[in-house]
$ cat data_26.cif   # mmCIF, C-alpha atoms and all ligand atoms
data_final
#
loop_
_atom_site.label_atom_id
_atom_site.label_comp_id
_atom_site.auth_asym_id
_atom_site.auth_seq_id
_atom_site.Cartn_x
_atom_site.Cartn_y
_atom_site.Cartn_z
CA MET B 1 8.69 -22.17 26.85
CA ILE B 2 5.31 -20.51 27.31
CA PRO B 3 4.65 -17.18 29.08
CA ALA B 4 4.19 -17.37 32.86
CA THR B 5 0.91 -15.48 32.45
CA SER B 6 -0.65 -18.15 30.17
CA ARG B 7 -4.26 -19.02 31.00
CA TRP B 8 -5.67 -21.27 28.28
CA VAL B 9 -4.43 -23.83 25.78
CA ASP B 10 -5.49 -24.31 22.15
CA PHE B 11 -3.09 -27.01 21.07
CA HIS B 12 -4.37 -27.41 17.50
CA CYS B 13 -5.62 -24.48 15.45
CA HIS B 14 -5.14 -23.67 11.77
CA LEU B 15 -4.43 -19.98 12.39
CA ASP B 16 -3.36 -19.40 8.80
CA LEU B 17 -6.74 -20.47 7.42
CA TYR B 18 -8.67 -17.62 9.06
CA ARG B 19 -9.23 -14.50 7.00
CA ASP B 20 -8.63 -12.28 10.04
CA HIS B 21 -5.59 -14.17 11.33
CA GLN B 22 -3.91 -10.99 12.52
CA ARG B 23 -6.85 -10.26 14.78
CA LEU B 24 -6.82 -13.86 15.94
CA LEU B 25 -3.18 -13.53 17.00
CA ARG B 26 -4.01 -10.39 18.97
CA GLN B 27 -6.89 -12.18 20.69
CA CYS B 28 -4.58 -15.02 21.74
CA ASP B 29 -2.33 -12.38 23.22
CA GLU B 30 -5.09 -10.46 24.99
CA ALA B 31 -6.71 -13.55 26.50
CA SER B 32 -3.37 -15.30 27.23
CA ILE B 33 -4.23 -18.37 25.15
CA VAL B 34 -1.26 -20.51 24.25
CA THR B 35 -2.10 -21.51 20.69
CA LEU B 36 -0.33 -24.06 18.55
CA GLY B 37 -0.78 -22.94 14.97
CA VAL B 38 -0.52 -26.14 12.99
CA THR B 39 0.27 -26.09 9.28
CA THR B 40 -0.87 -28.48 6.57
CA THR B 41 2.14 -28.25 4.28
CA PRO B 42 5.83 -27.58 4.90
CA LYS B 43 5.62 -24.67 2.43
CA ALA B 44 3.28 -22.84 4.82
CA PHE B 45 5.70 -23.02 7.75
CA GLU B 46 7.85 -20.01 6.91
CA ARG B 47 4.90 -17.64 6.53
CA ASN B 48 3.37 -18.90 9.77
CA ALA B 49 6.65 -18.47 11.64
CA GLU B 50 6.91 -14.87 10.40
CA MET B 51 3.30 -14.19 11.36
CA ALA B 52 3.91 -15.37 14.92
CA VAL B 53 6.90 -13.10 15.56
CA GLY B 54 6.05 -10.80 18.48
CA TYR B 55 3.24 -13.09 19.71
CA PRO B 56 4.66 -15.04 22.64
CA TYR B 57 1.50 -17.15 23.09
CA VAL B 58 1.58 -18.44 19.53
CA LEU B 59 3.61 -21.56 18.73
CA VAL B 60 4.11 -22.77 15.18
CA GLY B 61 4.02 -26.39 14.09
CA LEU B 62 5.60 -27.86 10.99
CA GLY B 63 3.12 -30.16 9.29
CA LEU B 64 2.24 -32.33 6.33
CA HIS B 65 -1.43 -33.20 6.59
CA PRO B 66 -2.30 -36.81 5.72
CA GLN B 67 -5.23 -35.60 3.61
CA LEU B 68 -2.77 -33.68 1.43
CA VAL B 69 -0.15 -36.39 1.08
CA ALA B 70 -1.44 -37.39 -2.36
CA GLU B 71 -0.47 -33.96 -3.79
CA ARG B 72 2.23 -32.85 -1.37
CA ALA B 73 4.40 -35.89 -0.71
CA GLY B 74 7.12 -34.07 -2.66
CA GLU B 75 7.46 -31.58 0.19
CA LEU B 76 8.83 -34.23 2.54
CA SER B 77 12.40 -33.09 1.91
CA LEU B 78 11.41 -29.51 2.78
CA PHE B 79 9.84 -30.87 5.97
CA GLU B 80 13.10 -32.59 6.89
CA LYS B 81 15.06 -29.46 6.11
CA LEU B 82 12.88 -27.23 8.32
CA LEU B 83 12.47 -29.60 11.24
CA HIS B 84 15.37 -28.22 13.30
CA ARG B 85 13.58 -24.84 13.36
CA THR B 86 10.76 -25.91 15.67
CA GLN B 87 9.89 -28.04 18.66
CA TYR B 88 6.33 -28.50 17.35
CA VAL B 89 5.22 -30.85 14.62
CA GLY B 90 1.70 -30.92 13.18
CA GLU B 91 -0.51 -31.55 11.57
CA VAL B 92 0.78 -35.01 10.70
CA GLY B 93 -0.69 -38.51 10.91
CA LEU B 94 -2.89 -40.95 9.01
CA ASP B 95 -6.41 -40.78 7.54
CA ALA B 96 -8.10 -44.00 6.47
CA GLY B 97 -11.44 -42.36 5.70
CA PRO B 98 -12.96 -43.24 2.30
CA ARG B 99 -11.89 -39.98 0.65
CA PHE B 100 -8.22 -40.49 1.44
CA TYR B 101 -7.86 -44.23 1.49
CA ALA B 102 -6.30 -44.27 -1.99
CA SER B 103 -3.20 -42.54 -0.60
CA PHE B 104 -3.03 -44.60 2.59
CA GLN B 105 0.15 -46.52 1.75
CA GLU B 106 1.85 -43.26 0.78
CA GLN B 107 0.56 -41.63 3.99
CA ARG B 108 2.16 -44.43 6.01
CA ARG B 109 5.47 -44.01 4.25
CA ILE B 110 5.47 -40.24 4.82
CA PHE B 111 4.33 -40.51 8.45
CA ALA B 112 7.03 -43.09 9.20
CA ARG B 113 9.69 -40.81 7.67
CA ILE B 114 8.40 -37.82 9.68
CA LEU B 115 8.47 -39.82 12.91
CA ARG B 116 11.99 -41.08 12.29
CA ALA B 117 13.20 -37.54 11.60
CA CYS B 118 11.58 -36.34 14.87
CA ASP B 119 13.04 -39.27 16.75
CA GLU B 120 16.51 -38.51 15.47
CA GLN B 121 16.37 -34.84 16.56
CA GLY B 122 14.46 -35.53 19.78
CA SER B 123 12.44 -33.10 21.97
CA LYS B 124 9.51 -32.68 19.58
CA VAL B 125 5.84 -32.37 20.52
CA LEU B 126 3.60 -33.77 17.78
CA SER B 127 -0.08 -33.03 17.04
CA ILE B 128 -1.35 -36.17 15.34
CA HIS B 129 -4.41 -36.85 13.15
CA SER B 130 -5.71 -40.43 13.35
CA VAL B 131 -9.08 -40.65 11.56
CA ARG B 132 -10.11 -44.33 11.33
CA SER B 133 -6.53 -45.30 11.93
CA VAL B 134 -5.70 -45.02 15.65
CA SER B 135 -4.21 -48.51 15.90
CA LYS B 136 -2.09 -47.93 12.83
CA VAL B 137 -0.90 -44.59 14.16
CA LEU B 138 0.07 -46.24 17.44
CA ARG B 139 1.95 -48.95 15.57
CA GLU B 140 3.88 -46.32 13.60
CA LEU B 141 4.72 -44.48 16.82
CA GLU B 142 5.98 -47.68 18.37
CA ALA B 143 8.14 -48.53 15.38
CA ASN B 144 9.45 -45.09 14.50
CA LEU B 145 9.29 -42.81 17.54
CA PRO B 146 10.95 -44.74 20.36
CA SER B 147 12.64 -41.62 21.82
CA ARG B 148 10.98 -40.69 25.12
CA THR B 149 11.97 -37.06 24.57
CA CYS B 150 9.25 -36.76 21.90
CA VAL B 151 5.62 -36.42 23.01
CA PRO B 152 2.79 -37.61 20.75
CA VAL B 153 -0.46 -35.68 21.26
CA LEU B 154 -3.47 -37.36 19.66
CA HIS B 155 -5.63 -34.56 18.30
CA TRP B 156 -9.42 -35.08 17.94
CA PHE B 157 -9.25 -38.67 19.15
CA THR B 158 -12.11 -40.80 17.81
CA GLY B 159 -10.83 -44.27 18.67
CA THR B 160 -12.16 -46.98 20.93
CA ARG B 161 -11.59 -47.43 24.64
CA SER B 162 -9.00 -50.12 24.09
CA GLU B 163 -7.14 -47.87 21.64
CA MET B 164 -7.28 -45.12 24.24
CA ALA B 165 -5.83 -47.45 26.86
CA ARG B 166 -3.05 -48.49 24.50
CA ALA B 167 -2.24 -44.85 23.70
CA ILE B 168 -2.09 -44.03 27.41
CA GLU B 169 0.26 -46.93 28.03
CA MET B 170 2.49 -45.55 25.32
CA GLY B 171 2.61 -42.10 26.93
CA CYS B 172 0.37 -40.21 24.51
CA CYS B 173 -1.51 -37.04 25.45
CA PHE B 174 -4.91 -36.04 24.05
CA SER B 175 -6.15 -32.65 22.87
CA VAL B 176 -9.90 -32.44 23.29
CA ASN B 177 -12.14 -30.27 21.12
CA MET B 178 -15.77 -29.19 20.94
CA GLU B 179 -16.77 -31.90 18.45
CA MET B 180 -15.57 -34.58 20.84
CA ILE B 181 -17.59 -32.96 23.60
CA ARG B 182 -20.70 -32.89 21.39
CA SER B 183 -20.39 -36.59 20.57
CA GLU B 184 -22.43 -38.80 22.88
CA LYS B 185 -20.26 -41.76 21.89
CA MET B 186 -17.13 -40.03 23.18
CA ARG B 187 -18.52 -39.31 26.67
CA PRO B 188 -17.08 -42.38 28.40
CA ILE B 189 -13.70 -41.68 26.85
CA LEU B 190 -13.76 -38.02 27.91
CA ARG B 191 -14.48 -39.17 31.45
CA ALA B 192 -11.80 -41.85 31.44
CA LEU B 193 -8.87 -39.86 30.04
CA PRO B 194 -6.31 -39.35 32.82
CA SER B 195 -6.27 -35.71 33.93
CA ASP B 196 -2.50 -35.42 33.50
CA ARG B 197 -2.76 -36.30 29.80
CA LEU B 198 -5.37 -33.71 28.86
CA LEU B 199 -4.96 -30.70 26.61
CA THR B 200 -7.59 -28.62 24.78
CA GLU B 201 -7.80 -27.56 21.14
CA THR B 202 -10.22 -25.96 18.68
CA ASP B 203 -9.15 -27.39 15.29
CA GLY B 204 -10.51 -24.12 13.97
CA PRO B 205 -11.67 -23.15 11.47
CA PHE B 206 -12.83 -26.70 10.69
CA VAL B 207 -15.01 -26.91 13.79
CA THR B 208 -17.95 -24.55 14.08
CA ILE B 209 -19.79 -23.14 17.04
CA ASP B 210 -23.03 -21.12 16.78
CA GLU B 211 -22.73 -21.44 12.98
CA ARG B 212 -19.36 -19.68 12.82
CA ALA B 213 -15.79 -20.96 12.77
CA ILE B 214 -14.57 -21.74 16.26
CA ARG B 215 -11.69 -19.55 17.56
CA PRO B 216 -9.05 -19.93 20.27
CA THR B 217 -11.17 -17.56 22.39
CA ASP B 218 -13.77 -20.37 22.57
CA VAL B 219 -11.41 -22.57 24.59
CA PRO B 220 -12.79 -21.40 27.97
CA ALA B 221 -16.22 -22.71 26.92
CA THR B 222 -14.66 -26.01 25.89
CA VAL B 223 -12.92 -26.32 29.25
CA SER B 224 -16.09 -25.61 31.17
CA LEU B 225 -18.09 -28.25 29.24
CA LEU B 226 -15.30 -30.78 29.69
CA ALA B 227 -15.21 -30.01 33.41
CA GLU B 228 -18.94 -30.66 33.57
CA ILE B 229 -18.58 -34.03 31.85
CA ARG B 230 -15.74 -35.01 34.18
CA ALA B 231 -17.53 -33.59 37.23
CA VAL B 232 -14.55 -31.46 38.25
CA ASP B 233 -14.09 -27.78 38.98
CA SER B 234 -13.64 -25.84 35.79
CA SER B 235 -10.88 -23.51 36.99
CA LEU B 236 -8.94 -26.44 38.44
CA LEU B 237 -9.23 -28.23 35.11
CA ALA B 238 -7.98 -25.14 33.27
CA GLN B 239 -5.01 -25.04 35.63
CA GLN B 240 -4.30 -28.74 35.17
CA ILE B 241 -4.31 -28.36 31.37
CA LEU B 242 -1.77 -25.54 31.60
CA GLU B 243 0.37 -27.58 33.95
CA ASN B 244 0.23 -30.52 31.58
CA LEU B 245 1.47 -28.35 28.74
CA ARG B 246 4.23 -26.84 30.87
CA GLY B 247 5.25 -30.32 31.94
CA LEU B 248 5.56 -31.55 28.37
CA LEU B 249 7.53 -28.55 27.25
CA LEU B 250 9.80 -28.19 30.24
CA SER B 251 10.85 -31.75 30.70
CA ASN B 252 10.67 -32.53 26.97
CA ALA B 253 9.66 -35.96 28.07
CA ARG B 254 6.78 -38.25 27.34
CA PRO B 255 4.72 -39.13 30.41
CA GLU B 256 5.63 -42.45 31.95
CA PRO B 257 3.86 -45.48 30.52
CA ARG B 258 1.04 -46.88 32.64
CA ARG B 259 0.74 -50.59 32.44
CA GLN B 260 -1.92 -50.86 35.12
CA PHE B 261 -4.24 -48.29 33.66
CA SER B 262 -7.86 -49.16 34.37
CA LEU B 263 -10.31 -48.36 31.61
CA PHE B 264 -13.26 -47.78 33.86
CA LYS B 265 -11.57 -45.99 36.71
CA ALA B 266 -13.12 -42.57 36.23
CA GLN B 267 -16.51 -43.98 35.34
CA ASP B 268 -17.47 -46.39 38.06
CA GLY B 269 -15.67 -44.51 40.79
CA THR B 270 -13.45 -47.42 41.80
MN MN N 301 -6.59 -30.00 11.97
#
$ encode --input "data_26.cif" --output "structure tokens"
Amino acid sequence: MIPATSRWVDFHCHLDLYRDHQRLLRQCDEASIVTLGVTTTPKAFERNAEMAVGYPYVLVGLGLHPQLVAERAGELSLFEKLLHRTQYVGEVGLDAGPRFYASFQEQRRIFARILRACDEQGSKVLSIHSVRSVSKVLRELEANLPSRTCVPVLHWFTGTRSEMARAIEMGCCFSVNMEMIRSEKMRPILRALPSDRLLTETDGPFVTIDERAIRPTDVPATVSLLAEIRAVDSSLLAQQILENLRGLLLSNARPEPRRQFSLFKAQDGT
């Protein structure tokens, strides 16, 4: 449950990697930004959970980052042990980029185990990394996360239009960040994403803005740029994003699949 006074959504931020994380938490509170603090290893979960006590806008995810699987696969059992403590899972997923390809088979094994554990408990919202591996991520979701009470959110989506369409059919949501907005190649996708599947994120501190690490307080700027790209009113978009998040959390249910989804709907105005 998120506070009734929530205004903005940062659904993927590495709060624990900022030097001034305490100040960051206060800013989320002051500006009413619901922020999902994702973690990269299960060992970091406990500290993050303690940090968030007393901050109703801050949610804490349990994660095992695919880029760390090579060194941290041994923490899978800790992940499974902690899973009942939270509704939020992330950062998890697959990374087939050249730097991490050596661990790809191990990443798949870990991701499959994580998904099965989530599926068994049900009612989890997952923030998923899918660098150069969207199709493979979708295949893993299909095989190992059949429960409709779990909602996959594709974070920093960089896939193709057909992968986007497939993800929409499967009931995925998308958290959009500043890097996606800056990318010319992503424009058509940002226009085509259905409004009821949209969330925002920063992926701070890994994304920068004006040569500094982005912060949850930069979400309003992200929303206004996204609204411009989609040619919609910025405050209505902000409201929609909040409603989307409330919907996911309240009903604990993945949006209905859309078989008839048209790829070019938002673009050509048909
Ligand atoms: Mn991240």
$ atom_distance --input "data_26.cif" --atom1 "atom CA of B:Gln67" --atom2 "atom CA of B:Val92"
9.3 Å
$ residues_around --input "data_26.cif" --residues "B:Val60" --least-positions-apart "3" --cutoff "10 Å" --atoms "only C-alpha atoms" --output "count of residues only"
23
$ residues_near_point --input "data_26.cif" --point "(0.0, -41.6, 28.8)" --cutoff "9 Å" --atoms "all atoms listed in the file" --output "PDB file with C-alpha atoms, in the frame of the given file"
ATOM      1  CA  ALA B 165      -5.830 -47.450  26.860  1.00  0.00           C
ATOM      2  CA  ARG B 166      -3.050 -48.490  24.500  1.00  0.00           C
ATOM      3  CA  ALA B 167      -2.240 -44.850  23.700  1.00  0.00           C
ATOM      4  CA  ILE B 168      -2.090 -44.030  27.410  1.00  0.00           C
ATOM      5  CA  GLU B 169       0.260 -46.930  28.030  1.00  0.00           C
ATOM      6  CA  MET B 170       2.490 -45.550  25.320  1.00  0.00           C
ATOM      7  CA  GLY B 171       2.610 -42.100  26.930  1.00  0.00           C
ATOM      8  CA  CYS B 172       0.370 -40.210  24.510  1.00  0.00           C
ATOM      9  CA  CYS B 173      -1.510 -37.040  25.450  1.00  0.00           C
ATOM     10  CA  PHE B 174      -4.910 -36.040  24.050  1.00  0.00           C
ATOM     11  CA  PRO B 194      -6.310 -39.350  32.820  1.00  0.00           C
ATOM     12  CA  ASP B 196      -2.500 -35.420  33.500  1.00  0.00           C
ATOM     13  CA  ARG B 197      -2.760 -36.300  29.800  1.00  0.00           C
ATOM     14  CA  ARG B 254       6.780 -38.250  27.340  1.00  0.00           C
ATOM     15  CA  PRO B 255       4.720 -39.130  30.410  1.00  0.00           C
ATOM     16  CA  GLU B 256       5.630 -42.450  31.950  1.00  0.00           C
ATOM     17  CA  PRO B 257       3.860 -45.480  30.520  1.00  0.00           C
ATOM     18  CA  ARG B 258       1.040 -46.880  32.640  1.00  0.00           C
TER      19      ARG B 258
END
$ closest_residue --input "data_26.cif" --among "B:Ala4, B:Ser147, B:Leu236, B:Ser133" --to "B:Gly97" --atoms "all atoms listed in the file"
B:Ser133
$ closest_residue --input "data_26.cif" --among "B:Pro146, B:Gly204, B:Gly159, B:Pro42" --to "B:Leu190" --atoms "only C-alpha atoms"
B:Gly159
$ residues_near_ligand --input "data_26.cif" --ligand "ligand MN 301 (chain N)" --cutoff "12 Å" --atoms "all atoms listed in the file" --output "PyMOL selection string"
chain B and resi 10-17+36-41+61+63-68+90-95+127-131+154-157+175+177+201-207
$ atom_distance --input "data_26.cif" --atom1 "atom CA of B:Val223" --atom2 "atom CA of B:Val134"
24.2 Å
$ closest_residue --input "data_26.cif" --among "B:Ala221, B:Ala44, B:Val153, B:Ala96" --to "B:Ile209" --atoms "all atoms listed in the file"
B:Ala221
$ residues_around --input "data_26.cif" --residues "B:Ser234" --least-positions-apart "2" --cutoff "10 Å" --atoms "all atoms listed in the file" --output "PyMOL selection string"
chain B and resi 220-228+230-232+236-240
$ closest_residue --input "data_26.cif" --among "B:Glu163, B:Thr158, B:Leu115, B:Arg139" --to "B:Met180" --atoms "only C-alpha atoms"
B:Thr158
$ atom_distance --input "data_26.cif" --atom1 "atom CA of B:Ile241" --atom2 "atom CA of B:Ser135"
25.4 Å
$ closest_residue --input "data_26.cif" --among "B:Arg132, B:Leu126, B:Asp233, B:Leu24" --to "B:Leu248" --atoms "all atoms listed in the file"
B:Leu126
$ residues_near_point --input "data_26.cif" --point "(6.3, -17.7, 26.5)" --cutoff "9 Å" --atoms "all atoms listed in the file" --output "PyMOL selection string"
chain B and resi 1-6+34+55-58
$ axis_aligned_box --input "data_26.cif" --around "stretch 8-15 of chain B" --padding-each-side "6 Å" --output "AutoDock Vina command-line options"
--center_x -4.4 --center_y -23.7 --center_z 20.0 --size_x 14.6 --size_y 19.4 --size_z 28.5
$ residues_around --input "data_26.cif" --residues "B:Arg108" --least-positions-apart "4" --cutoff "9 Å" --atoms "all atoms listed in the file" --output "ChimeraX atom specification"
/B:66,93-94,103-104,112-113,136-137,140
$ closest_residue --input "data_26.cif" --among "B:Ser195, B:Ala73, B:Ala31, B:Val125" --to "B:Leu250" --atoms "only C-alpha atoms"
B:Val125
$ build_atoms --input "data_26.cif" --residues "stretch 237-248 of chain B" --atoms "all heavy atoms" --output "compact mmCIF listing (two decimals), keeping the file's coordinate frame"
# COMPACT_ATOMS: atom_id res chain seq x y z
N LEU B 237 -9.54 -27.52 36.36
CA LEU B 237 -9.23 -28.23 35.11
C LEU B 237 -8.39 -27.35 34.19
O LEU B 237 -7.41 -27.81 33.59
CB LEU B 237 -10.53 -28.66 34.41
CG LEU B 237 -10.35 -29.40 33.07
CD1 LEU B 237 -9.56 -30.70 33.25
CD2 LEU B 237 -11.69 -29.70 32.42
N ALA B 238 -8.76 -26.06 34.11
CA ALA B 238 -7.98 -25.14 33.27
C ALA B 238 -6.52 -25.08 33.74
O ALA B 238 -5.59 -25.09 32.94
CB ALA B 238 -8.61 -23.75 33.32
N GLN B 239 -6.36 -25.07 35.05
CA GLN B 239 -5.01 -25.04 35.63
C GLN B 239 -4.23 -26.31 35.31
O GLN B 239 -3.06 -26.26 34.96
CB GLN B 239 -5.15 -24.95 37.14
CG GLN B 239 -4.48 -23.76 37.77
CD GLN B 239 -4.81 -23.75 39.26
OE1 GLN B 239 -5.98 -23.72 39.63
NE2 GLN B 239 -3.80 -23.81 40.10
N GLN B 240 -4.93 -27.44 35.45
CA GLN B 240 -4.30 -28.74 35.17
C GLN B 240 -3.81 -28.81 33.72
O GLN B 240 -2.71 -29.28 33.43
CB GLN B 240 -5.32 -29.85 35.42
CG GLN B 240 -4.88 -31.24 34.95
CD GLN B 240 -4.12 -32.01 36.01
OE1 GLN B 240 -4.63 -32.18 37.11
NE2 GLN B 240 -2.93 -32.47 35.67
N ILE B 241 -4.65 -28.31 32.80
CA ILE B 241 -4.31 -28.36 31.37
C ILE B 241 -3.05 -27.54 31.10
O ILE B 241 -2.15 -27.96 30.37
CB ILE B 241 -5.51 -27.89 30.52
CG1 ILE B 241 -6.60 -28.99 30.54
CG2 ILE B 241 -5.10 -27.56 29.09
CD1 ILE B 241 -7.95 -28.56 30.02
N LEU B 242 -2.97 -26.37 31.74
CA LEU B 242 -1.77 -25.54 31.60
C LEU B 242 -0.54 -26.25 32.17
O LEU B 242 0.53 -26.23 31.57
CB LEU B 242 -1.96 -24.25 32.37
CG LEU B 242 -2.42 -23.03 31.60
CD1 LEU B 242 -2.59 -21.89 32.57
CD2 LEU B 242 -1.43 -22.68 30.50
N GLU B 243 -0.74 -26.85 33.33
CA GLU B 243 0.37 -27.58 33.95
C GLU B 243 0.83 -28.72 33.07
O GLU B 243 2.03 -28.98 32.95
CB GLU B 243 -0.06 -28.17 35.29
CG GLU B 243 0.29 -27.31 36.48
CD GLU B 243 -0.44 -27.81 37.72
OE1 GLU B 243 -0.42 -29.03 37.99
OE2 GLU B 243 -1.06 -26.97 38.40
N ASN B 244 -0.13 -29.42 32.47
CA ASN B 244 0.23 -30.52 31.58
C ASN B 244 1.11 -30.03 30.44
O ASN B 244 2.12 -30.64 30.11
CB ASN B 244 -1.03 -31.19 31.00
CG ASN B 244 -1.86 -31.88 32.05
OD1 ASN B 244 -1.40 -32.12 33.16
ND2 ASN B 244 -3.10 -32.19 31.71
N LEU B 245 0.69 -28.89 29.85
CA LEU B 245 1.47 -28.35 28.74
C LEU B 245 2.86 -27.93 29.21
O LEU B 245 3.86 -28.25 28.57
CB LEU B 245 0.74 -27.17 28.09
CG LEU B 245 1.46 -26.57 26.88
CD1 LEU B 245 1.60 -27.60 25.77
CD2 LEU B 245 0.75 -25.33 26.36
N ARG B 246 2.92 -27.25 30.34
CA ARG B 246 4.23 -26.84 30.87
C ARG B 246 5.11 -28.05 31.10
O ARG B 246 6.29 -28.03 30.80
CB ARG B 246 4.06 -26.09 32.19
CG ARG B 246 3.61 -24.69 32.00
CD ARG B 246 4.12 -23.78 33.10
NE ARG B 246 3.61 -22.45 32.85
CZ ARG B 246 2.46 -21.99 33.32
NH1 ARG B 246 1.71 -22.75 34.11
NH2 ARG B 246 2.05 -20.78 33.03
N GLY B 247 4.51 -29.09 31.67
CA GLY B 247 5.25 -30.32 31.94
C GLY B 247 5.86 -30.90 30.68
O GLY B 247 7.04 -31.23 30.66
N LEU B 248 5.06 -30.98 29.63
CA LEU B 248 5.56 -31.55 28.37
C LEU B 248 6.71 -30.74 27.82
O LEU B 248 7.68 -31.27 27.31
CB LEU B 248 4.53 -31.47 27.25
CG LEU B 248 3.17 -32.03 27.26
CD1 LEU B 248 2.51 -31.74 25.93
CD2 LEU B 248 3.33 -33.51 27.40
